[in-house]
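Enquirer: My structure file input.cif, mmCIF, C-alpha atoms and all ligand atoms, is below:
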```
data_data
loop_
_atom_site.label_atom_id
_atom_site.label_comp_id
_atom_site.auth_asym_id
_atom_site.auth_seq_id
_atom_site.Cartn_x
_atom_site.Cartn_y
_atom_site.Cartn_z
CA MET F 188 -35.53 -2.03 -41.87
CA GLN F 189 -32.67 -2.39 -39.43
CA ALA F 190 -30.53 0.12 -37.57
CA ARG F 191 -27.60 -0.14 -35.17
CA GLN F 192 -28.96 2.57 -32.93
CA VAL F 193 -32.36 4.10 -32.26
CA ILE F 194 -32.91 7.57 -30.83
CA ASP F 195 -36.05 7.39 -28.68
CA THR F 196 -37.85 10.66 -27.92
CA ARG F 197 -41.19 9.12 -26.96
CA PRO F 198 -42.70 10.65 -23.82
CA THR F 199 -42.61 8.62 -20.60
CA ALA F 200 -44.61 9.03 -17.37
CA ILE F 201 -43.31 11.83 -15.14
CA PRO F 202 -42.48 10.50 -11.64
CA ALA F 203 -44.90 11.79 -8.95
CA GLY F 204 -43.57 14.75 -6.99
CA THR F 205 -41.46 16.12 -9.87
CA LEU F 206 -41.58 19.91 -10.13
CA LEU F 207 -43.41 20.84 -13.35
CA GLN F 208 -43.23 23.86 -15.57
CA HIS F 209 -46.78 24.12 -16.87
CA PHE F 210 -48.07 26.90 -19.01
CA CYS F 211 -50.80 28.10 -21.32
CA GLY F 212 -50.31 30.80 -23.93
CA TRP F 213 -52.49 32.85 -26.26
CA GLU F 214 -51.22 34.51 -29.38
CA ILE F 215 -53.52 37.52 -29.56
CA GLU F 216 -54.27 40.50 -31.77
CA THR F 217 -55.72 43.77 -30.52
CA ASP F 218 -57.48 46.72 -32.23
CA THR F 219 -55.23 49.32 -30.58
CA ASP F 220 -51.48 49.66 -30.02
CA VAL F 221 -50.70 47.91 -26.74
CA PHE F 222 -47.37 46.11 -26.83
CA ASP F 223 -43.80 47.38 -27.08
CA PRO F 224 -42.22 45.18 -29.77
CA THR F 225 -38.69 46.13 -28.62
CA THR F 226 -39.17 44.44 -25.24
CA VAL F 227 -39.75 40.81 -24.31
CA THR F 228 -41.03 40.17 -20.78
CA LEU F 229 -39.49 36.90 -19.65
CA MET F 230 -40.99 36.79 -16.16
CA ASP F 231 -43.63 39.17 -14.85
CA PHE F 232 -44.46 38.21 -11.28
CA ALA F 233 -47.84 39.92 -11.50
CA PRO F 234 -49.54 41.72 -8.60
CA ALA F 235 -51.69 39.79 -6.13
CA ALA F 236 -54.88 41.05 -7.80
CA VAL F 237 -53.97 38.99 -10.88
CA SER F 238 -51.91 36.17 -9.45
CA GLN F 239 -52.78 34.33 -6.23
CA PRO F 240 -50.57 31.28 -6.43
CA ALA F 241 -51.22 28.42 -4.01
CA SER F 242 -48.47 27.73 -1.52
CA GLY F 243 -45.48 26.13 -3.24
CA ASP F 244 -46.53 27.53 -6.62
CA ILE F 245 -44.30 29.96 -8.54
CA HIS F 246 -46.40 31.93 -11.01
CA PHE F 247 -45.40 34.46 -13.65
CA PHE F 248 -46.38 35.75 -17.08
CA TYR F 249 -44.36 35.87 -20.30
CA VAL F 250 -45.02 38.40 -23.07
CA LEU F 251 -43.45 38.13 -26.51
CA PRO F 252 -44.67 41.02 -28.70
CA PHE F 253 -44.42 40.66 -32.49
CA SER F 254 -45.88 44.15 -33.13
CA PRO F 255 -47.79 46.78 -31.08
CA ARG F 256 -51.01 44.82 -31.77
CA HIS F 257 -49.81 41.24 -31.83
CA ALA F 258 -48.19 39.20 -29.02
CA LEU F 259 -47.84 35.80 -27.40
CA VAL F 260 -48.86 36.03 -23.73
CA GLU F 261 -48.32 33.05 -21.44
CA THR F 262 -49.23 32.19 -17.88
CA THR F 263 -46.55 29.90 -16.43
CA HIS F 264 -46.29 28.00 -13.16
CA PHE F 265 -43.53 26.01 -11.48
CA SER F 266 -45.38 23.60 -9.18
CA PRO F 267 -45.92 19.86 -8.72
CA GLN F 268 -49.58 20.01 -9.88
CA VAL F 269 -50.88 21.22 -13.25
CA SER F 270 -53.77 23.73 -13.23
CA ASP F 271 -57.15 23.28 -14.87
CA GLN F 272 -58.13 25.05 -18.09
CA ASP F 273 -60.43 27.53 -16.30
CA SER F 274 -57.56 28.74 -14.08
CA TYR F 275 -55.26 29.38 -17.05
CA THR F 276 -58.07 31.24 -18.84
CA ARG F 277 -58.87 33.37 -15.79
CA GLU F 278 -55.18 34.21 -15.23
CA LEU F 279 -54.62 35.28 -18.85
CA ARG F 280 -57.85 37.31 -18.97
CA ASP F 281 -57.13 39.10 -15.65
CA TYR F 282 -53.54 39.79 -16.70
CA LEU F 283 -54.51 41.27 -20.08
CA GLN F 284 -57.10 43.46 -18.37
CA SER F 285 -54.99 44.69 -15.47
CA ARG F 286 -51.53 44.93 -17.09
CA PHE F 287 -52.58 46.29 -20.50
CA GLY F 288 -56.07 47.70 -19.81
CA LEU F 289 -57.49 45.44 -22.52
CA GLN F 290 -61.19 44.57 -22.66
CA GLN F 291 -61.14 42.66 -25.92
CA TRP F 292 -58.72 40.75 -28.11
CA GLN F 293 -58.75 38.04 -30.77
CA ILE F 294 -57.01 34.75 -30.00
CA ARG F 295 -55.13 33.56 -33.13
CA HIS F 296 -53.44 30.53 -31.60
CA ARG F 297 -53.32 28.67 -28.27
CA GLU F 298 -50.48 26.60 -26.85
CA GLN F 299 -50.13 24.62 -23.69
CA GLY F 300 -47.49 22.36 -22.21
CA VAL F 301 -46.02 20.54 -19.24
CA ILE F 302 -42.26 20.25 -18.93
CA PRO F 303 -40.73 18.13 -16.13
CA MET F 304 -38.07 19.82 -13.95
CA PRO F 305 -36.38 16.79 -12.32
CA LYS F 306 -33.59 17.32 -9.79
CA GLN F 307 -31.75 14.43 -11.37
CA THR F 308 -32.01 13.89 -15.10
CA LEU F 309 -31.55 10.54 -16.78
CA ASP F 310 -27.94 9.33 -16.81
CA LEU F 311 -27.43 8.10 -20.40
CA ALA F 312 -24.52 5.91 -19.28
CA ARG F 313 -27.07 3.91 -17.23
CA ARG F 314 -29.73 3.56 -19.93
CA ARG F 315 -31.61 0.26 -20.08
CA HIS F 316 -30.67 -0.72 -23.64
CA ALA F 317 -27.24 0.04 -25.11
CA ASN F 318 -28.55 0.71 -28.64
CA ILE F 319 -31.72 2.61 -27.71
CA ILE F 320 -30.73 6.15 -26.80
CA PRO F 321 -33.33 8.28 -25.00
CA MET F 322 -33.25 11.94 -25.97
CA GLY F 323 -35.59 14.89 -25.58
CA LEU F 324 -37.76 16.11 -22.71
CA HIS F 325 -37.78 12.73 -20.96
CA SER F 326 -34.04 12.17 -21.19
CA ASP F 327 -31.25 14.60 -20.21
CA THR F 328 -31.81 17.00 -23.12
CA ALA F 329 -33.93 19.80 -21.63
CA LYS F 330 -32.18 21.99 -19.08
CA ALA F 331 -34.17 20.97 -16.02
CA SER F 332 -34.00 24.34 -14.23
CA THR F 333 -35.36 26.31 -17.22
CA GLY F 334 -37.30 23.83 -19.37
CA TYR F 335 -35.45 25.03 -22.48
CA CYS F 336 -34.93 22.13 -24.83
CA TYR F 337 -34.46 23.35 -28.42
CA PRO F 338 -30.89 24.75 -28.23
CA HIS F 339 -29.71 21.78 -26.15
CA ALA F 340 -31.45 19.27 -28.46
CA GLN F 341 -29.79 20.82 -31.51
CA ARG F 342 -26.34 20.74 -29.92
CA GLN F 343 -26.77 17.19 -28.59
CA ALA F 344 -27.99 15.95 -31.99
CA LEU F 345 -25.06 17.57 -33.83
CA ARG F 346 -22.56 16.12 -31.36
CA HIS F 347 -24.14 12.68 -31.66
CA VAL F 348 -24.05 12.82 -35.48
CA ALA F 349 -20.37 13.84 -35.35
CA ALA F 350 -19.66 10.93 -32.98
CA LEU F 351 -21.46 8.47 -35.28
CA PHE F 352 -19.48 9.69 -38.30
CA ALA F 353 -16.31 9.10 -36.30
CA ARG F 354 -17.40 5.64 -35.05
CA GLN F 355 -20.51 3.69 -36.02
CA ASP F 356 -20.80 2.26 -32.51
CA ALA F 357 -20.39 5.66 -30.87
CA LEU F 358 -21.60 5.97 -27.28
CA ALA F 359 -24.62 8.11 -26.40
CA VAL F 360 -23.67 11.76 -26.10
CA PRO F 361 -24.99 13.42 -22.92
CA ALA F 362 -26.60 16.83 -23.36
CA ARG F 363 -24.65 18.53 -20.59
CA SER F 364 -21.82 18.24 -18.11
CA LYS F 365 -22.18 16.78 -14.61
CA LEU F 366 -21.36 20.24 -13.17
CA SER F 367 -24.20 21.85 -15.08
CA CYS F 368 -26.65 19.10 -13.96
CA TRP F 369 -25.52 19.63 -10.38
CA PHE F 370 -26.19 23.39 -10.63
CA ASP F 371 -29.65 22.60 -12.04
CA GLY F 372 -30.33 20.27 -9.09
CA VAL F 373 -29.33 22.93 -6.53
CA PHE F 374 -31.51 25.53 -8.25
CA ILE F 375 -34.52 23.19 -8.36
CA ASP F 376 -34.00 22.43 -4.64
CA PHE F 377 -34.20 26.20 -4.13
CA LEU F 378 -37.40 26.54 -6.21
CA GLU F 379 -39.06 23.69 -4.32
CA GLN F 380 -38.02 24.78 -0.84
CA HIS F 381 -38.25 28.58 -1.19
CA PRO F 382 -40.85 29.38 -3.86
CA GLU F 383 -41.63 32.66 -2.07
CA LEU F 384 -38.09 33.91 -2.87
CA ALA F 385 -38.14 32.95 -6.56
CA GLY F 386 -39.18 36.38 -7.90
CA GLU F 387 -36.46 38.17 -5.91
CA VAL F 388 -33.75 35.67 -6.92
CA PHE F 389 -34.64 35.81 -10.64
CA LEU F 390 -34.58 39.62 -10.41
CA ARG F 391 -31.11 39.49 -8.82
CA LEU F 392 -29.87 37.17 -11.57
CA PHE F 393 -31.20 39.38 -14.37
CA THR F 394 -29.98 42.66 -12.84
CA ALA F 395 -26.66 41.66 -11.23
CA VAL F 396 -25.29 39.29 -13.89
CA PRO F 397 -24.33 40.81 -17.29
CA SER F 398 -26.77 39.44 -19.87
CA ASP F 399 -24.12 37.76 -22.07
CA ALA F 400 -22.75 35.89 -19.01
CA LEU F 401 -26.27 34.88 -17.94
CA ILE F 402 -27.16 33.67 -21.44
CA ARG F 403 -23.97 31.55 -21.53
CA PHE F 404 -24.87 30.16 -18.09
CA LEU F 405 -28.46 29.35 -19.08
CA SER F 406 -27.39 27.76 -22.35
CA ASP F 407 -24.74 25.55 -20.69
CA ARG F 408 -21.81 27.41 -22.29
CA ALA F 409 -20.69 29.12 -19.07
CA ARG F 410 -17.03 30.07 -18.54
CA PRO F 411 -15.52 29.86 -15.03
CA ASP F 412 -16.01 33.63 -14.50
CA ASP F 413 -19.70 33.29 -15.52
CA TYR F 414 -20.22 30.69 -12.76
CA LEU F 415 -18.59 33.12 -10.32
CA ARG F 416 -20.85 36.00 -11.41
CA VAL F 417 -23.99 33.87 -11.05
CA MET F 418 -22.92 32.55 -7.65
CA THR F 419 -22.15 36.02 -6.26
CA ALA F 420 -25.57 37.29 -7.42
CA LEU F 421 -27.42 34.62 -5.39
CA PRO F 422 -28.17 34.76 -1.64
CA LYS F 423 -24.93 33.15 -0.49
CA ARG F 424 -25.82 31.49 2.81
CA LEU F 425 -28.95 29.91 1.41
CA PHE F 426 -27.30 28.56 -1.75
CA ILE F 427 -24.19 27.32 0.08
CA ARG F 428 -26.50 25.33 2.39
CA LEU F 429 -28.50 23.93 -0.56
CA ALA F 430 -25.29 23.08 -2.46
CA TYR F 431 -23.86 21.35 0.62
CA LEU F 432 -27.04 19.31 1.17
CA ARG F 433 -27.16 18.30 -2.50
CA ALA F 434 -23.46 17.27 -2.42
CA VAL F 435 -23.91 15.09 0.68
CA SER F 436 -27.13 13.51 -0.63
CA ALA F 437 -25.52 12.58 -4.00
C1 LIG Y 1 -46.22 24.57 -26.34
C2 LIG Y 1 -44.74 24.33 -26.07
C3 LIG Y 1 -43.83 25.34 -26.34
C4 LIG Y 1 -42.46 25.14 -26.10
N1 LIG Y 1 -41.60 26.14 -26.38
C5 LIG Y 1 -40.28 25.94 -26.21
C6 LIG Y 1 -39.34 26.94 -26.57
O1 LIG Y 1 -39.70 28.02 -27.05
N2 LIG Y 1 -38.02 26.70 -26.38
C7 LIG Y 1 -37.58 25.51 -25.88
O2 LIG Y 1 -36.37 25.32 -25.75
N3 LIG Y 1 -38.45 24.54 -25.53
C8 LIG Y 1 -39.78 24.72 -25.67
N4 LIG Y 1 -40.66 23.72 -25.33
C9 LIG Y 1 -40.15 22.51 -24.67
C10 LIG Y 1 -39.50 21.48 -25.63
O3 LIG Y 1 -38.50 22.10 -26.38
C11 LIG Y 1 -40.48 20.87 -26.59
O4 LIG Y 1 -41.49 20.26 -25.86
C12 LIG Y 1 -39.79 19.82 -27.50
O5 LIG Y 1 -40.66 19.56 -28.58
C13 LIG Y 1 -39.46 18.54 -26.77
O6 LIG Y 1 -38.93 17.63 -27.70
P1 LIG Y 1 -39.13 16.05 -27.56
O7 LIG Y 1 -38.48 15.45 -28.75
O8 LIG Y 1 -38.68 15.61 -26.21
O9 LIG Y 1 -40.69 15.83 -27.53
P2 LIG Y 1 -41.74 16.02 -28.71
O10 LIG Y 1 -41.38 17.16 -29.60
O11 LIG Y 1 -43.08 16.07 -28.01
O12 LIG Y 1 -41.61 14.68 -29.53
C14 LIG Y 1 -42.12 13.45 -29.07
C15 LIG Y 1 -42.59 12.71 -30.28
O13 LIG Y 1 -42.92 11.37 -29.92
C16 LIG Y 1 -44.08 11.01 -30.63
N5 LIG Y 1 -44.69 9.87 -29.90
C17 LIG Y 1 -45.40 9.90 -28.76
N6 LIG Y 1 -45.73 8.66 -28.38
C18 LIG Y 1 -45.24 7.82 -29.33
C19 LIG Y 1 -45.28 6.41 -29.50
N7 LIG Y 1 -45.86 5.60 -28.61
N8 LIG Y 1 -44.66 5.90 -30.59
C20 LIG Y 1 -44.03 6.70 -31.49
N9 LIG Y 1 -43.96 8.04 -31.36
C21 LIG Y 1 -44.56 8.59 -30.30
C22 LIG Y 1 -44.93 12.27 -30.63
O14 LIG Y 1 -45.90 12.23 -31.67
C23 LIG Y 1 -43.86 13.33 -30.89
O15 LIG Y 1 -43.64 13.55 -32.26
C24 LIG Y 1 -42.02 23.90 -25.55
C25 LIG Y 1 -42.95 22.92 -25.26
C26 LIG Y 1 -44.29 23.11 -25.52
C27 LIG Y 1 -45.28 22.00 -25.22
#
```
What is this file in structure tokens?

Expert:
Amino acid sequence: MQARQVIDTRPTAIPAGTLLQHFCGWEIETDTDVFDPTTVTLMDFAPAAVSQPASGDIHFFYVLPFSPRHALVETTHFSPQVSDQDSYTRELRDYLQSRFGLQQWQIRHREQGVIPMPKQTLDLARRRHANIIPMGLHSDTAKASTGYCYPHAQRQALRHVAALFARQDALAVPARSKLSCWFDGVFIDFLEQHPELAGEVFLRLFTAVPSDALIRFLSDRARPDDYLRVMTALPKRLFIRLAYLRAVSA
């Protein structure tokens, strides 16, 4: 079989020193009503009794309830080193006990992953082979500052299909604009250099920026006024310095 172009989503080695989003989740069922199915907890920076992150480690929990007795609970870290299985287990167990007062639960499903958060994603224009197009987690598809891949992968694939229908030798379609990649780089600089401020800055973003504007920003569909709202919600001096340093190092 022959093809003019190949889309390559095979994993590649993650360069040493890259910030990693690594997580472990349990989908659990309980015998009593515990969860509020109307509320998703995106980031719970748990108390010190539950979470004692090493220096440079950003640690939070994610809770997605499906019903009062059924939820996906994840322990997530942003750090350059992945944790061992025992640490994930201890974190999830301590969190379920202290946050929800649970002593027992049934694990229905486990998931675990490592998502690279590079400050500079692959530039598709500089790929090694013209007709082999890298896409997915190890290309430019995932939004590096969040690790979200699915919505960006769907949009990139649709745009690439449209380009191929227009021209059989269509060029590779990047997942996002240079501006958006630059914002990601500045934010990852912040996470690496000031992990102790991460909880406060995420809280500012989620409280000070209207949710529709923040969703557009996080899904790379931001309008100019959304960028303005996000920028005014962040600690200005710190982010201006990081943005300046990133611009001069580019
Ligand atoms: C547990 C988990 C949950 C996630 N949840 C979300 C989420 O809710 N939302 C979100 O946006 N992102 C999420 N992600 C991140 C990301 O969206 C997924 O990892 C996504 O599947 C990445 O797509 P991909 O094509 O890059 O990699 P993959 O889906 O891993 O695809 C790579 C493929 O390459 C194949 N392969 C590997 N080596 C070879 C080889 N040598 N030759 C041929 N084939 C090979 C593999 O079998 C696999 O099918 C999650 C990741 C994980 C691990």

Enquirer: Hey, which of F:Ile215, F:Ala434, F:Leu251, F:Ala190 ends up closest to ligand LIG 1 (chain Y)? Count all atoms listed in the file.

Expert: F:Leu251

Enquirer: Name each residue within 6 Å of ligand LIG 1 (chain Y), counting all atoms listed in the file, as a list in words.

Expert: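 Listed by chain and ascending number, the contacts are Thr196, Arg197, Pro198, Glu298, Gln299, Gly300, Gly323, Leu324, Tyr335, Cys336 and Tyr337 of chain F.
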
Enquirer: Need to verify the contact set: F:Phe232, 8 Å, all atoms listed in the file, exclusion of same-chain residues closer than 3 positions in sequence. Can you return it as a ChimeraX atom specification?

Expert: /F:238,246-248,386

Enquirer: Would you put the residues from that selection into a file with C-alpha atoms, as a compact mmCIF listing (two decimals), keeping the file's coordinate frame?

Expert:
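Ended up saving to result.txt:
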```
# COMPACT_ATOMS: atom_id res chain seq x y z
CA SER F 238 -51.91 36.17 -9.45
CA HIS F 246 -46.40 31.93 -11.01
CA PHE F 247 -45.40 34.46 -13.65
CA PHE F 248 -46.38 35.75 -17.08
CA GLY F 386 -39.18 36.38 -7.90
```

Enquirer: Could you jot down the atom CA of F:Gln208 to atom CA of F:Pro422 separation for me, Å, one decimal place?

Expert: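 Atom CA of F:Pro422 lies 23.2 Å from atom CA of F:Gln208.
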
Enquirer: I'd like the neighbourhood of stretch 379-384 of chain F as a list in words, where a residue qualifies if any of its atoms comes within 7 Å (using all atoms listed in the file), though same-chain residues fewer than 3 positions away should be ignored.

Expert: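 In the requested form, the answer reads Gly243, Asp244, Ile245, Ile375, Asp376, Glu387 and Val388 of chain F.
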
Enquirer: Grab the atom CA of F:Ile294 to atom CA of F:Leu206 distance for me, in Å with one decimal place.

Expert: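 Computed distance, atom CA of F:Ile294 to atom CA of F:Leu206, equals 29.2 Å.
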
Enquirer: May I ask which of the residues F:Cys368, F:Val260, F:Ile402, F:Val193 is the closest one to F:Glu216, counting all atoms listed in the file?

Expert: F:Val260

Enquirer: Which distance in Å separates atom CA of F:Ser326 and atom CA of F:Asp310, to one decimal?

Expert: 8.0 Å

Enquirer: Find the spatial neighbours of F:Ala340, counting all atoms listed in the file, within a cut-off of 12 Å - ignore same-chain residues fewer than 5 positions away - and output them as a ChimeraX atom specification.

Expert: /F:196,321-330,334-335,345-347,360-363,406

Enquirer: Nearest to F:Arg297 among F:Met418, F:Ala395, F:Ala331, F:Cys211, with distances taken over all atoms listed in the file: which residue is it?

Expert: F:Cys211

Enquirer: If you count all atoms listed in the file, which residues fall within 6 Å of F:Glu214, apart from same-chain ones fewer than 6 positions away, as a PyMOL selection string?

Expert: chain F and resi 258-259+294-296

Enquirer: Would you mind telling me which residue in F:Ile201, F:Ala409, F:Val417, F:Ala430 lies nearest to F:Leu392 when using all atoms listed in the file?

Expert: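 Closest to F:Leu392 of all the choices is F:Val417.
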
Enquirer: With only C-alpha atoms as the basis for distance, which of F:Arg391, F:Phe404, F:Ala203, F:Ala437 is at the shortest distance from F:Ala420?

Expert: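 Among F:Arg391, F:Phe404, F:Ala203, F:Ala437, it is F:Arg391 that comes nearest to F:Ala420.
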
Enquirer: Taking 5 positions as the minimum chain separation for residues in the same chain, which residues sit within 9 Å of F:Thr225 when counting only C-alpha atoms? Answer as a ChimeraX atom specification.

Expert: /F:252-254

Enquirer: With only C-alpha atoms as the basis for distance, which of F:Val373, F:Leu229, F:Asp220, F:Ala400 is at the shortest distance from F:Leu425?

Expert: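 Using only C-alpha atoms, F:Leu425 sits closest to F:Val373.
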